[in-house]
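Participant: Encoded as structure tokens, here's the structure I'll be asking about.
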Amino acid sequence: MGPLIPGILSDQWNNIIAILMGTAFGYVSESSGFSSSRKLVGVFYGYDFAVLRMFVTAAITASIGLLFMDYFGWIDMAALDGLPARVWPIIVGGLFMGLGFVTGGFCPGTCVTAIGIGKLDGYVFFGGIILGVFVFSEMFPLFENFYNSSNLGDVTVPEYFNISPYWFMVGISIIAIIAFYVTMLIRKRVKSVEY
Amino acid sequence: MKKRYIFLALVPIVLSLILAFLPDKSNSIDAKRIQKSLKSAKYTGVTPNNLLLESVNSNRFIQPDELAKVIIGQDPSYLLVDLRDAVQYAKFTLPGAINIPYEKILTEENQAVFDSEAYNVVLFSNGTIVPDQVWMILRRAGIKNLKVLNGGLNQFYQLYLNPPKPLETDPKEAFENYSFRKAVGAHLGLPNPDEFIPGGAAAVQNTSTITGANTAIKATPKVVVPKKKAGKDEGC
């Protein structure tokens, strides 16, 4: 996390703010029912799109908020680090992540939420994550070349296509709203599931 | 559809539209994009502002007297780099200096030599123009611990071959400096300026060629391990 409100809040606050934000995120995830695998995997079967809505809303809220804070000089966007854009490795990794999501019923964040309310499958899923991390680390030399391939560096989409980040944000907001509307239509057509 | 949903859907669109139409974004990422793009190119050097400040600061020079002390004391923390071509280097150089012709400063192994935190690298040539340029290039490449020999080899030898005599009214330090410089000259094998030299310039020429042979002992740079790139990955 970058320095928030530089000059007023010192760097030591970063971790405290991060913990508060993380706690709030966990609370909201749990209160929106994200500790339930049935609700989470609903997005793959079309009977519940809460996951998509929640995460896309979080993303656009955070982006708009960051851009506003940046405008007022409250945060130094240049100090924020993103993952380097390794195109193909990220696509393959995303497929694996999705596969684990649909079979396990949790994503790495929500399994911790499930542990928070004492769900056994949450613990099992978390153990699976640790096991996967271990196996990945041990086998890393095998696919190290692929892991580092097609690296575009630390770029954002507006930077890569050289468009205004503000207009990009307008576009993303509109796409998000359209997606919400479309998912609502899908949900109406799919047979509702009781869970 | 509930009115609440329509309202909530409008909020992000309106807010992002406001963002797009906000005036004066000098404080924001568009202005910082250049900075960010430099960073994204794995750029680790100094910013232009700092480079300007450093280039006018006399700290980046090493004075001949300081360098003389380093040479006499055989200070291992200094690495002398002769930027002239190999022919001139072979004729004579400072004791312990290594040769990196200035055309070759950007090759990989030479970068590794410069980019070592174990040394203060002293750049020198006949004058100061080439070392200054090299200093600028290497500093832009993010290399620290660089010093330029003020006045270059010409002034260095001038100072010890023919140190300016202090006036009788000068303070004590001037006399100490004078005798120090004479001593350095003697150490480097230069003739004593106070003595009459039988045989004149030819003899001087001879002695300096002998010193050229004496100073041919070159300090080989230690094996420099290039720094590893720090990978920093975070996930959700």
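By convention here, the chains of the structure tokens are called A, B, ... in the order presented, each chain's residues are numbered starting at 1, and ligands are numbered starting at 1 in the order presented.
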Using only C-alpha atoms, find the residues of chain A whose closest atom to chain B is at most 8 Å away, then write them as a ChimeraX atom specification.
Facilitator: /A:60-61,64,67-68,70-73,77-78,82-83,108-109,153-155,159,164-167,169-170,173-174,177
Participant: With N, CA and C atoms retained, export the selected residues as a PDB file, in the first residue's frame.
Facilitator:
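Generated output (part-v1.pdb):
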```
ATOM      1  N   ILE A  60     -14.529  -0.871  -8.931  1.00  0.00           N
ATOM      2  CA  ILE A  60     -14.777   0.482  -9.465  1.00  0.00           C
ATOM      3  C   ILE A  60     -14.824   1.504  -8.331  1.00  0.00           C
ATOM      4  N   THR A  61     -15.333   1.115  -7.160  1.00  0.00           N
ATOM      5  CA  THR A  61     -15.318   2.044  -6.030  1.00  0.00           C
ATOM      6  C   THR A  61     -13.880   2.408  -5.683  1.00  0.00           C
ATOM      7  N   ILE A  64     -12.319   4.645  -8.511  1.00  0.00           N
ATOM      8  CA  ILE A  64     -12.800   6.030  -8.485  1.00  0.00           C
ATOM      9  C   ILE A  64     -12.268   6.728  -7.242  1.00  0.00           C
ATOM     10  N   LEU A  67      -8.623   7.566  -7.720  1.00  0.00           N
ATOM     11  CA  LEU A  67      -8.413   8.671  -8.652  1.00  0.00           C
ATOM     12  C   LEU A  67      -8.769  10.001  -7.995  1.00  0.00           C
ATOM     13  N   PHE A  68      -9.842   9.997  -7.193  1.00  0.00           N
ATOM     14  CA  PHE A  68     -10.208  11.234  -6.494  1.00  0.00           C
ATOM     15  C   PHE A  68      -9.129  11.610  -5.478  1.00  0.00           C
ATOM     16  N   ASP A  70      -6.092  10.792  -5.522  1.00  0.00           N
ATOM     17  CA  ASP A  70      -4.916  11.213  -6.259  1.00  0.00           C
ATOM     18  C   ASP A  70      -5.081  12.658  -6.727  1.00  0.00           C
ATOM     19  N   TYR A  71      -6.308  12.983  -7.168  1.00  0.00           N
ATOM     20  CA  TYR A  71      -6.574  14.341  -7.635  1.00  0.00           C
ATOM     21  C   TYR A  71      -6.344  15.358  -6.525  1.00  0.00           C
ATOM     22  N   PHE A  72      -6.739  14.984  -5.321  1.00  0.00           N
ATOM     23  CA  PHE A  72      -6.563  15.907  -4.203  1.00  0.00           C
ATOM     24  C   PHE A  72      -5.171  15.810  -3.596  1.00  0.00           C
ATOM     25  N   GLY A  73      -4.329  14.937  -4.156  1.00  0.00           N
ATOM     26  CA  GLY A  73      -2.970  14.815  -3.637  1.00  0.00           C
ATOM     27  C   GLY A  73      -2.888  14.045  -2.338  1.00  0.00           C
ATOM     28  N   MET A  77       0.073   8.078  -6.470  1.00  0.00           N
ATOM     29  CA  MET A  77      -0.196   6.921  -7.326  1.00  0.00           C
ATOM     30  C   MET A  77       1.088   6.335  -7.887  1.00  0.00           C
ATOM     31  N   ALA A  78       2.094   7.185  -8.103  1.00  0.00           N
ATOM     32  CA  ALA A  78       3.343   6.677  -8.671  1.00  0.00           C
ATOM     33  C   ALA A  78       4.034   5.734  -7.701  1.00  0.00           C
ATOM     34  N   GLY A  82       1.992  -2.330  -8.933  1.00  0.00           N
ATOM     35  CA  GLY A  82       1.111  -3.400  -9.388  1.00  0.00           C
ATOM     36  C   GLY A  82       1.950  -4.605  -9.732  1.00  0.00           C
ATOM     37  N   LEU A  83       1.285  -5.710  -9.999  1.00  0.00           N
ATOM     38  CA  LEU A  83       2.018  -6.860 -10.515  1.00  0.00           C
ATOM     39  C   LEU A  83       2.486  -6.534 -11.914  1.00  0.00           C
ATOM     40  N   PRO A 108      -9.370 -17.543  -2.572  1.00  0.00           N
ATOM     41  CA  PRO A 108      -8.440 -17.495  -1.439  1.00  0.00           C
ATOM     42  C   PRO A 108      -8.862 -16.552  -0.324  1.00  0.00           C
ATOM     43  N   GLY A 109      -9.537 -15.449  -0.684  1.00  0.00           N
ATOM     44  CA  GLY A 109      -9.959 -14.527   0.368  1.00  0.00           C
ATOM     45  C   GLY A 109     -11.152 -15.059   1.150  1.00  0.00           C
ATOM     46  N   GLY A 153       5.985  -5.457 -18.164  1.00  0.00           N
ATOM     47  CA  GLY A 153       6.452  -4.520 -17.145  1.00  0.00           C
ATOM     48  C   GLY A 153       5.303  -4.017 -16.304  1.00  0.00           C
ATOM     49  N   ASP A 154       5.598  -3.003 -15.516  1.00  0.00           N
ATOM     50  CA  ASP A 154       4.630  -2.493 -14.549  1.00  0.00           C
ATOM     51  C   ASP A 154       3.738  -1.446 -15.219  1.00  0.00           C
ATOM     52  N   VAL A 155       2.811  -1.918 -16.078  1.00  0.00           N
ATOM     53  CA  VAL A 155       1.973  -0.955 -16.803  1.00  0.00           C
ATOM     54  C   VAL A 155       0.510  -1.114 -16.389  1.00  0.00           C
ATOM     55  N   GLU A 159      -2.185   3.300 -19.435  1.00  0.00           N
ATOM     56  CA  GLU A 159      -0.822   3.624 -19.855  1.00  0.00           C
ATOM     57  C   GLU A 159      -0.450   2.865 -21.118  1.00  0.00           C
ATOM     58  N   SER A 164      -6.685   8.450 -21.524  1.00  0.00           N
ATOM     59  CA  SER A 164      -6.846   9.118 -20.237  1.00  0.00           C
ATOM     60  C   SER A 164      -7.406   8.124 -19.211  1.00  0.00           C
ATOM     61  N   PRO A 165      -6.792   8.023 -18.041  1.00  0.00           N
ATOM     62  CA  PRO A 165      -7.298   7.084 -17.032  1.00  0.00           C
ATOM     63  C   PRO A 165      -8.712   7.447 -16.578  1.00  0.00           C
ATOM     64  N   TYR A 166      -9.072   8.733 -16.702  1.00  0.00           N
ATOM     65  CA  TYR A 166     -10.388   9.168 -16.231  1.00  0.00           C
ATOM     66  C   TYR A 166     -11.484   8.673 -17.171  1.00  0.00           C
ATOM     67  N   TRP A 167     -11.208   8.810 -18.481  1.00  0.00           N
ATOM     68  CA  TRP A 167     -12.202   8.328 -19.439  1.00  0.00           C
ATOM     69  C   TRP A 167     -12.264   6.807 -19.441  1.00  0.00           C
ATOM     70  N   MET A 169     -11.972   5.110 -16.825  1.00  0.00           N
ATOM     71  CA  MET A 169     -12.800   4.815 -15.650  1.00  0.00           C
ATOM     72  C   MET A 169     -14.278   4.957 -15.986  1.00  0.00           C
ATOM     73  N   VAL A 170     -14.605   5.995 -16.772  1.00  0.00           N
ATOM     74  CA  VAL A 170     -16.003   6.168 -17.194  1.00  0.00           C
ATOM     75  C   VAL A 170     -16.453   4.922 -17.955  1.00  0.00           C
ATOM     76  N   SER A 173     -16.968   1.951 -15.653  1.00  0.00           N
ATOM     77  CA  SER A 173     -18.207   2.074 -14.873  1.00  0.00           C
ATOM     78  C   SER A 173     -19.407   1.659 -15.715  1.00  0.00           C
ATOM     79  N   ILE A 174     -19.442   2.152 -16.966  1.00  0.00           N
ATOM     80  CA  ILE A 174     -20.581   1.833 -17.829  1.00  0.00           C
ATOM     81  C   ILE A 174     -20.629   0.329 -18.102  1.00  0.00           C
ATOM     82  N   ILE A 177     -21.996  -1.504 -15.102  1.00  0.00           N
ATOM     83  CA  ILE A 177     -23.445  -1.402 -14.927  1.00  0.00           C
ATOM     84  C   ILE A 177     -24.161  -2.308 -15.934  1.00  0.00           C
TER      85      ILE A 177
END
```
Participant: Which residues are close to range 23-34 of chain A, i.e. within 10 Å by only C-alpha atoms, leaving aside same-chain residues fewer than 3 positions away? Reply as a ChimeraX atom specification.
Facilitator: /A:17-20,37-40,50-51,54-55,58,106-107,109-114,116-117
Participant: Store the residues of this selection in a file with C-alpha atoms, as a PDB file, in the first residue's frame.
Facilitator:
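Contents of out_25.pdb, freshly written:
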```pdb
ATOM      1  CA  ILE A  17      -4.755   1.376   8.062  1.00  0.00           C
ATOM      2  CA  ALA A  18      -4.168  -1.791   6.052  1.00  0.00           C
ATOM      3  CA  ILE A  19      -5.299  -3.961   8.973  1.00  0.00           C
ATOM      4  CA  LEU A  20      -8.420  -1.818   9.500  1.00  0.00           C
ATOM      5  CA  SER A  37     -19.627 -21.959  -1.183  1.00  0.00           C
ATOM      6  CA  ARG A  38     -23.110 -22.325  -2.666  1.00  0.00           C
ATOM      7  CA  LYS A  39     -23.407 -18.573  -3.036  1.00  0.00           C
ATOM      8  CA  LEU A  40     -19.902 -18.232  -4.403  1.00  0.00           C
ATOM      9  CA  ALA A  50     -23.318 -11.634  -5.899  1.00  0.00           C
ATOM     10  CA  VAL A  51     -19.609 -12.447  -6.239  1.00  0.00           C
ATOM     11  CA  MET A  54     -19.428  -7.407  -5.123  1.00  0.00           C
ATOM     12  CA  PHE A  55     -15.948  -7.624  -6.621  1.00  0.00           C
ATOM     13  CA  ALA A  58     -15.302  -3.021  -5.059  1.00  0.00           C
ATOM     14  CA  PHE A 106     -14.003 -20.628  -2.347  1.00  0.00           C
ATOM     15  CA  CYS A 107     -11.557 -18.045  -3.533  1.00  0.00           C
ATOM     16  CA  GLY A 109      -9.959 -14.527   0.368  1.00  0.00           C
ATOM     17  CA  THR A 110     -13.379 -16.022   1.097  1.00  0.00           C
ATOM     18  CA  CYS A 111     -11.949 -19.278   2.460  1.00  0.00           C
ATOM     19  CA  VAL A 112     -10.431 -17.203   5.255  1.00  0.00           C
ATOM     20  CA  THR A 113     -13.865 -15.644   5.772  1.00  0.00           C
ATOM     21  CA  ALA A 114     -15.289 -19.166   6.042  1.00  0.00           C
ATOM     22  CA  GLY A 116     -13.668 -16.984  10.509  1.00  0.00           C
ATOM     23  CA  ILE A 117     -17.086 -18.530  11.099  1.00  0.00           C
TER      24      ILE A 117
END
```
Participant: Identify, with DSSP run on backbone atoms, the residues in range 66-101 of chain B assigned to helix (DSSP H, G or I), and express the list as JSON, numbers by chain.
Facilitator: {"B": [66, 67, 68, 69, 70, 71, 72, 73, 86, 87, 88, 89, 90, 91]}
Participant: Can you write just those residues out, C-alpha atoms, as a short mmCIF file (atom, residue, chain, number, x, y, z; two decimals), in the first residue's frame?
Facilitator:
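Full text of selection-v9.cif as output:
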```
data_model
loop_
_atom_site.label_atom_id
_atom_site.label_comp_id
_atom_site.auth_asym_id
_atom_site.auth_seq_id
_atom_site.Cartn_x
_atom_site.Cartn_y
_atom_site.Cartn_z
CA GLU B 66 43.08 13.67 -1.74
CA LEU B 67 43.83 11.24 -4.55
CA ALA B 68 47.56 11.48 -3.79
CA LYS B 69 46.86 10.42 -0.21
CA VAL B 70 44.78 7.52 -1.51
CA ILE B 71 47.57 6.41 -3.83
CA ILE B 72 50.31 6.71 -1.22
CA GLY B 73 48.22 5.04 1.45
CA ALA B 86 44.72 1.31 -24.17
CA VAL B 87 47.73 2.87 -25.93
CA GLN B 88 47.88 5.85 -23.60
CA TYR B 89 47.15 3.59 -20.65
CA ALA B 90 50.06 1.35 -21.58
CA LYS B 91 52.41 4.34 -21.71
#
```
Participant: Write out as a PyMOL selection string each polymer residue whose atoms come within 12 Å of Met97 in chain A, counting only C-alpha atoms; drop sequence neighbours fewer than 5 positions from it.
Facilitator: (chain A and resi 89-92+102-108+129+132) or (chain B and resi 236)
Participant: Report the residues of range 31-163 of chain B whose backbone DSSP state falls under strand (DSSP E or B), written as a short mmCIF file (atom, residue, chain, number, x, y, z; two decimals) with C-alpha atoms, in the first residue's frame.
Facilitator:
```cif
data_model
loop_
_atom_site.label_atom_id
_atom_site.label_comp_id
_atom_site.auth_asym_id
_atom_site.auth_seq_id
_atom_site.Cartn_x
_atom_site.Cartn_y
_atom_site.Cartn_z
CA PHE B 61 35.15 15.71 -7.58
CA ILE B 62 38.13 14.24 -5.83
CA TYR B 78 39.22 3.30 -4.03
CA LEU B 79 39.16 1.96 -7.55
CA LEU B 80 40.97 4.12 -10.08
CA VAL B 81 39.57 3.91 -13.60
CA ASP B 82 41.60 5.23 -16.49
CA ILE B 98 42.54 -0.16 -14.30
CA ASN B 99 41.76 0.73 -17.89
CA ASN B 120 34.68 4.60 -4.55
CA VAL B 121 35.30 4.72 -8.26
CA VAL B 122 37.62 7.53 -9.35
CA LEU B 123 37.24 8.41 -13.01
CA PHE B 124 40.12 10.13 -14.72
CA LEU B 146 31.54 7.94 -8.48
CA LYS B 147 34.24 10.59 -8.26
CA VAL B 148 35.92 12.60 -10.99
CA LEU B 149 39.56 13.55 -10.61
#
```
Participant: Quick check, in Å to one decimal: how far apart do CA of Arg181 in chain B and CA of Pro163 in chain B lie?
Facilitator: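 That distance, rounded to one decimal, is 6.5 Å.
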Participant: Between CA of Lys165 in chain B and CA of Asn192 in chain B, what is the distance in Å, rounded to a tenth?
Facilitator: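 Those two atoms sit 12.5 Å apart.
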Participant: When you count only C-alpha atoms, which of these residues is closest to Ser58 in chain B: B:Asn145, B:Ser125, B:Asn110, B:Asn150?
Facilitator: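 Looking at the shortest contact to Ser58 in chain B, the residue is B:Asn150.
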Participant: In Å, with one decimal, what is the gap from CA of Ala112 in chain B to CA of Phe146 in chain A?
Facilitator: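 Between CA of Ala112 in chain B and CA of Phe146 in chain A the gap works out to 27.4 Å.
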